[in-house]
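Colleague: There's a structure below that I have some questions on.
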Amino acid sequence: MDGLELLAADPARAALFLDVDGVLAPIAERPEDARVPPQTRRELERLASSYALVACVTGREAERALEIVGVDRIRYVGQHGLELEPDAGAWAARIHAFAAAQGWRQLETKPLTAAFHYRQAADREAARTSLEDVASLALEEGFRTKWGRYVLEIVPPVDASKGTAVRALLQESRLSRALYAGDDVTDLDGFRALDGLEAAVRVAVSSVEGPSELGRLADVVVGSTEAFLELLRQL
């Protein structure tokens with residue numbers, strides 16, 4: 001029995017950890033336009049009624065992720081696991097002030113972090129070069145940085161990641177079987193958080209924008225959010 005079959009055979013003993021953008025919701029040109037399609041939402045509602053835990057672990061804040069996904073029975077952990085770390089809030093005002101001072105056009109201010117998007121830049125390579133300077137300044141200020149799909153995020157210097165969030169939820173729920181699905185660099189931590197479980201399935205939703213390492217570490221690789229929906233229907 002393979003990993004997917006093992007999870008599906010006894011969902012009351014298993015957890016599903018899902019990224020939102022690029023996994024459940026197709027990537028949108030403007031982050032505020034992202035939405036989970038109705039057919040995917042229906043599958044999530046079905047899974048939430050049978051699996052011990054279904055959680056969205058995302059770079060979005062939890063409230064915004066709930067709006068995008070639209071399923072109340074799912075657990076939402078936002079901002080790359082920072083929402084579970086009480087020390088993160090002490091850095092928010094400094095990060096927001098730093099980000100505002102950069103004068104970046106497509107700046108997304110979140111409760112604990114700030115994201116510099118450049119998907120819509122006329123010259124993405126030049127925008128990336130400019131943001132590398134911003135990242136260097138942020139590190140000098142004592143912050144940390146996370147790069148993603150056409151985005152640089154400035155985050156508190158707190159040991160939090162999607163991996164710490166997954167481990168915390170597994171410990172809380174006392175589950176030893178899990179699936180994690182992601183599409184970007186920050187999801188590598190989520191993949192590694194499943195090491196040592198009784199059953200672990202790592203799913204990469206691949207794209208030309210995503211890191212090649214994600215595919216190398218994955219147990220299953222699918223090519224789109226639509227293909228991932230078909231995988232969900234097997235669970």
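Residue names in the structure tokens use chain letters A, B, ... in the order shown, residue numbers from 1 in each chain, and ligand numbers from 1 in the order shown.
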I want to know what sits within 6 Å of A:Ala204, based on only C-alpha atoms, with residues of the same chain fewer than 2 positions away left out; could you give that as a PyMOL selection string?

Modeller: chain A and resi 181-183+206+215+218+221

Colleague: For stretch 4-9 of chain A, find every residue with an atom within 10 Å (counting only C-alpha atoms), except residues of its own chain fewer than 6 positions away, and show them as a list of chain:residue names.

Modeller: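 Once the nearby chain positions are removed, what remains is A:Ala15, A:Leu16, A:Leu47, A:Ser50, A:Tyr51, A:Arg177, A:Ala178, A:Leu179, A:Glu198, A:Ala199, A:Ala200, A:Val201, A:Arg202, A:Asp219, A:Val220, A:Leu231, A:Leu232, A:Gln234, A:Leu235.
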
Colleague: Take the residues that were just selected and, keeping C-alpha atoms, output them as a tab-separated table (two decimals), in the first residue's frame.

Modeller:
chain	number	residue	atom	x	y	z
A	15	ALA	CA	-3.53	15.03	8.64
A	16	LEU	CA	-3.51	17.02	5.41
A	47	LEU	CA	-12.02	15.93	3.39
A	50	SER	CA	-13.37	12.69	7.41
A	51	TYR	CA	-9.72	13.49	8.14
A	177	ARG	CA	0.39	10.11	9.23
A	178	ALA	CA	0.32	13.20	7.04
A	179	LEU	CA	0.41	14.73	3.59
A	198	GLU	CA	4.66	6.48	10.16
A	199	ALA	CA	3.30	7.60	6.78
A	200	ALA	CA	4.35	10.75	4.91
A	201	VAL	CA	3.39	12.01	1.47
A	202	ARG	CA	5.03	15.14	0.09
A	219	ASP	CA	6.94	11.76	-3.28
A	220	VAL	CA	4.36	12.92	-5.82
A	231	LEU	CA	-5.18	13.97	-6.29
A	232	LEU	CA	-7.47	15.28	-3.54
A	234	GLN	CA	-8.24	10.08	-4.35
A	235	LEU	CA	-8.10	10.78	-0.62

Colleague: Quick one: contact table of stretch 9-28 of chain A to stretch 65-81 of chain A, 9 Å max, nearest atom pair and distance in Å to one decimal per residue, counting only C-alpha atoms, chain and number order, as JSON lines?

Modeller:
{"residue": "A:Val20", "atom": "CA", "partner": "A:Ala65", "partner_atom": "CA", "distance": 7.3}
{"residue": "A:Leu24", "atom": "CA", "partner": "A:Val69", "partner_atom": "CA", "distance": 7.7}
{"residue": "A:Ala25", "atom": "CA", "partner": "A:Val69", "partner_atom": "CA", "distance": 7.7}

Colleague: Could you write those residues out with N, CA and C atoms, as a short mmCIF file (atom, residue, chain, number, x, y, z; two decimals), in the first residue's frame?

Modeller:
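Contents of result-v4.cif, as written:
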data_model
loop_
_atom_site.label_atom_id
_atom_site.label_comp_id
_atom_site.auth_asym_id
_atom_site.auth_seq_id
_atom_site.Cartn_x
_atom_site.Cartn_y
_atom_site.Cartn_z
N VAL A 20 -1.83 27.39 0.12
CA VAL A 20 -3.00 27.97 -0.55
C VAL A 20 -2.67 28.41 -1.97
N LEU A 24 -3.99 25.21 -3.84
CA LEU A 24 -5.45 25.19 -3.86
C LEU A 24 -6.02 26.25 -4.78
N ALA A 25 -5.39 27.41 -4.79
CA ALA A 25 -5.84 28.53 -5.63
C ALA A 25 -4.80 28.79 -6.72
#

Colleague: Excluding A:Arg105 and its own-chain neighbours fewer than 2 positions away, which residues fall within 9 Å of it when counting only C-alpha atoms? Please give them as a PyMOL selection string.

Modeller: chain A and resi 103+107+116-118

Colleague: Could you give me, as a PyMOL selection string, the residues within 9 Å of stretch 149-162 of chain A, counting only C-alpha atoms and dropping anything in the same chain fewer than 2 positions from it?

Modeller: chain A and resi 57-59+77-85+87-92+95+99+112-120+124+128+131-132+134-135+138-139+142-147+164-167+184-191+193+209-210

Colleague: Check the DSSP output for the backbone and give back, as a PDB file with C-alpha atoms, in the first residue's frame, the residues of stretch 30-218 of chain A in alpha helix (DSSP H).

Modeller:
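The resulting file, part.pdb, is reproduced below:
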ATOM      1  CA  PRO A  38     -15.746  25.933  -6.205  1.00  0.00           C
ATOM      2  CA  GLN A  39     -14.925  22.337  -7.151  1.00  0.00           C
ATOM      3  CA  THR A  40     -11.790  22.390  -4.995  1.00  0.00           C
ATOM      4  CA  ARG A  41     -13.751  23.925  -2.129  1.00  0.00           C
ATOM      5  CA  ARG A  42     -16.246  21.061  -2.294  1.00  0.00           C
ATOM      6  CA  GLU A  43     -13.439  18.506  -2.036  1.00  0.00           C
ATOM      7  CA  LEU A  44     -11.956  20.320   0.955  1.00  0.00           C
ATOM      8  CA  GLU A  45     -15.326  20.284   2.703  1.00  0.00           C
ATOM      9  CA  ARG A  46     -15.550  16.527   2.103  1.00  0.00           C
ATOM     10  CA  LEU A  47     -12.019  15.927   3.387  1.00  0.00           C
ATOM     11  CA  ALA A  48     -12.543  18.114   6.461  1.00  0.00           C
ATOM     12  CA  ALA A  62      -5.098  33.219   8.542  1.00  0.00           C
ATOM     13  CA  GLU A  63      -8.169  35.431   8.158  1.00  0.00           C
ATOM     14  CA  ARG A  64      -7.316  36.231   4.554  1.00  0.00           C
ATOM     15  CA  ALA A  65      -6.611  32.555   3.814  1.00  0.00           C
ATOM     16  CA  LEU A  66     -10.079  31.677   5.122  1.00  0.00           C
ATOM     17  CA  GLU A  67     -11.595  34.212   2.717  1.00  0.00           C
ATOM     18  CA  ILE A  68      -9.678  32.741  -0.214  1.00  0.00           C
ATOM     19  CA  VAL A  69     -10.387  29.089   0.617  1.00  0.00           C
ATOM     20  CA  ALA A  92       5.730  44.129  13.463  1.00  0.00           C
ATOM     21  CA  ALA A  93       5.868  47.931  13.815  1.00  0.00           C
ATOM     22  CA  ARG A  94       9.568  48.071  12.905  1.00  0.00           C
ATOM     23  CA  ILE A  95       9.071  45.844   9.866  1.00  0.00           C
ATOM     24  CA  HIS A  96       6.124  47.895   8.638  1.00  0.00           C
ATOM     25  CA  ALA A  97       8.034  51.163   9.033  1.00  0.00           C
ATOM     26  CA  PHE A  98      11.048  49.742   7.200  1.00  0.00           C
ATOM     27  CA  ALA A  99       8.890  48.461   4.350  1.00  0.00           C
ATOM     28  CA  ALA A 100       6.985  51.718   3.932  1.00  0.00           C
ATOM     29  CA  ALA A 101      10.257  53.644   3.713  1.00  0.00           C
ATOM     30  CA  ARG A 124      11.174  41.524 -13.390  1.00  0.00           C
ATOM     31  CA  GLU A 125      14.940  41.042 -13.505  1.00  0.00           C
ATOM     32  CA  ALA A 126      15.559  44.687 -12.640  1.00  0.00           C
ATOM     33  CA  ALA A 127      12.924  44.514  -9.908  1.00  0.00           C
ATOM     34  CA  ARG A 128      14.602  41.439  -8.429  1.00  0.00           C
ATOM     35  CA  THR A 129      17.946  43.261  -8.408  1.00  0.00           C
ATOM     36  CA  SER A 130      16.385  46.208  -6.585  1.00  0.00           C
ATOM     37  CA  LEU A 131      14.800  43.903  -4.033  1.00  0.00           C
ATOM     38  CA  GLU A 132      18.109  42.186  -3.379  1.00  0.00           C
ATOM     39  CA  ASP A 133      19.303  45.572  -2.103  1.00  0.00           C
ATOM     40  CA  VAL A 134      16.163  45.811   0.055  1.00  0.00           C
ATOM     41  CA  ALA A 135      16.843  42.327   1.414  1.00  0.00           C
ATOM     42  CA  SER A 136      20.397  43.309   2.356  1.00  0.00           C
ATOM     43  CA  LEU A 137      19.127  46.380   4.202  1.00  0.00           C
ATOM     44  CA  ALA A 138      16.537  44.280   5.996  1.00  0.00           C
ATOM     45  CA  LEU A 139      19.195  41.868   7.225  1.00  0.00           C
ATOM     46  CA  GLU A 140      21.263  44.807   8.488  1.00  0.00           C
ATOM     47  CA  LYS A 162       5.832  26.260   7.767  1.00  0.00           C
ATOM     48  CA  GLY A 163       7.825  23.369   9.190  1.00  0.00           C
ATOM     49  CA  THR A 164       7.522  24.528  12.804  1.00  0.00           C
ATOM     50  CA  ALA A 165       3.794  25.041  12.230  1.00  0.00           C
ATOM     51  CA  VAL A 166       3.358  21.517  10.868  1.00  0.00           C
ATOM     52  CA  ARG A 167       5.298  19.982  13.744  1.00  0.00           C
ATOM     53  CA  ALA A 168       3.266  21.951  16.294  1.00  0.00           C
ATOM     54  CA  LEU A 169      -0.033  20.816  14.771  1.00  0.00           C
ATOM     55  CA  LEU A 170       1.124  17.204  14.578  1.00  0.00           C
ATOM     56  CA  GLN A 171       2.125  17.275  18.227  1.00  0.00           C
ATOM     57  CA  GLU A 172      -1.141  18.927  19.200  1.00  0.00           C
ATOM     58  CA  SER A 173      -3.234  16.373  17.303  1.00  0.00           C
ATOM     59  CA  ASP A 187       7.176  24.665   1.504  1.00  0.00           C
ATOM     60  CA  LEU A 188      10.492  22.842   1.728  1.00  0.00           C
ATOM     61  CA  ASP A 189      10.299  23.293   5.507  1.00  0.00           C
ATOM     62  CA  GLY A 190       6.849  21.712   5.449  1.00  0.00           C
ATOM     63  CA  PHE A 191       8.204  18.736   3.514  1.00  0.00           C
ATOM     64  CA  ARG A 192      11.013  18.198   6.027  1.00  0.00           C
ATOM     65  CA  SER A 212      13.654  22.431  -8.484  1.00  0.00           C
ATOM     66  CA  GLU A 213      14.483  21.084  -5.011  1.00  0.00           C
ATOM     67  CA  LEU A 214      10.778  20.791  -4.255  1.00  0.00           C
ATOM     68  CA  GLY A 215      10.372  18.219  -7.001  1.00  0.00           C
ATOM     69  CA  ARG A 216      13.455  16.300  -5.868  1.00  0.00           C
ATOM     70  CA  LEU A 217      12.131  15.975  -2.320  1.00  0.00           C
TER      71      LEU A 217
END

Colleague: Nearest residue to A:Glu32 out of A:Ser207, A:Ala121, A:Arg60, A:Pro111, using only C-alpha atoms?

Modeller: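 With only C-alpha atoms as the atom set, the closest residue is A:Arg60.
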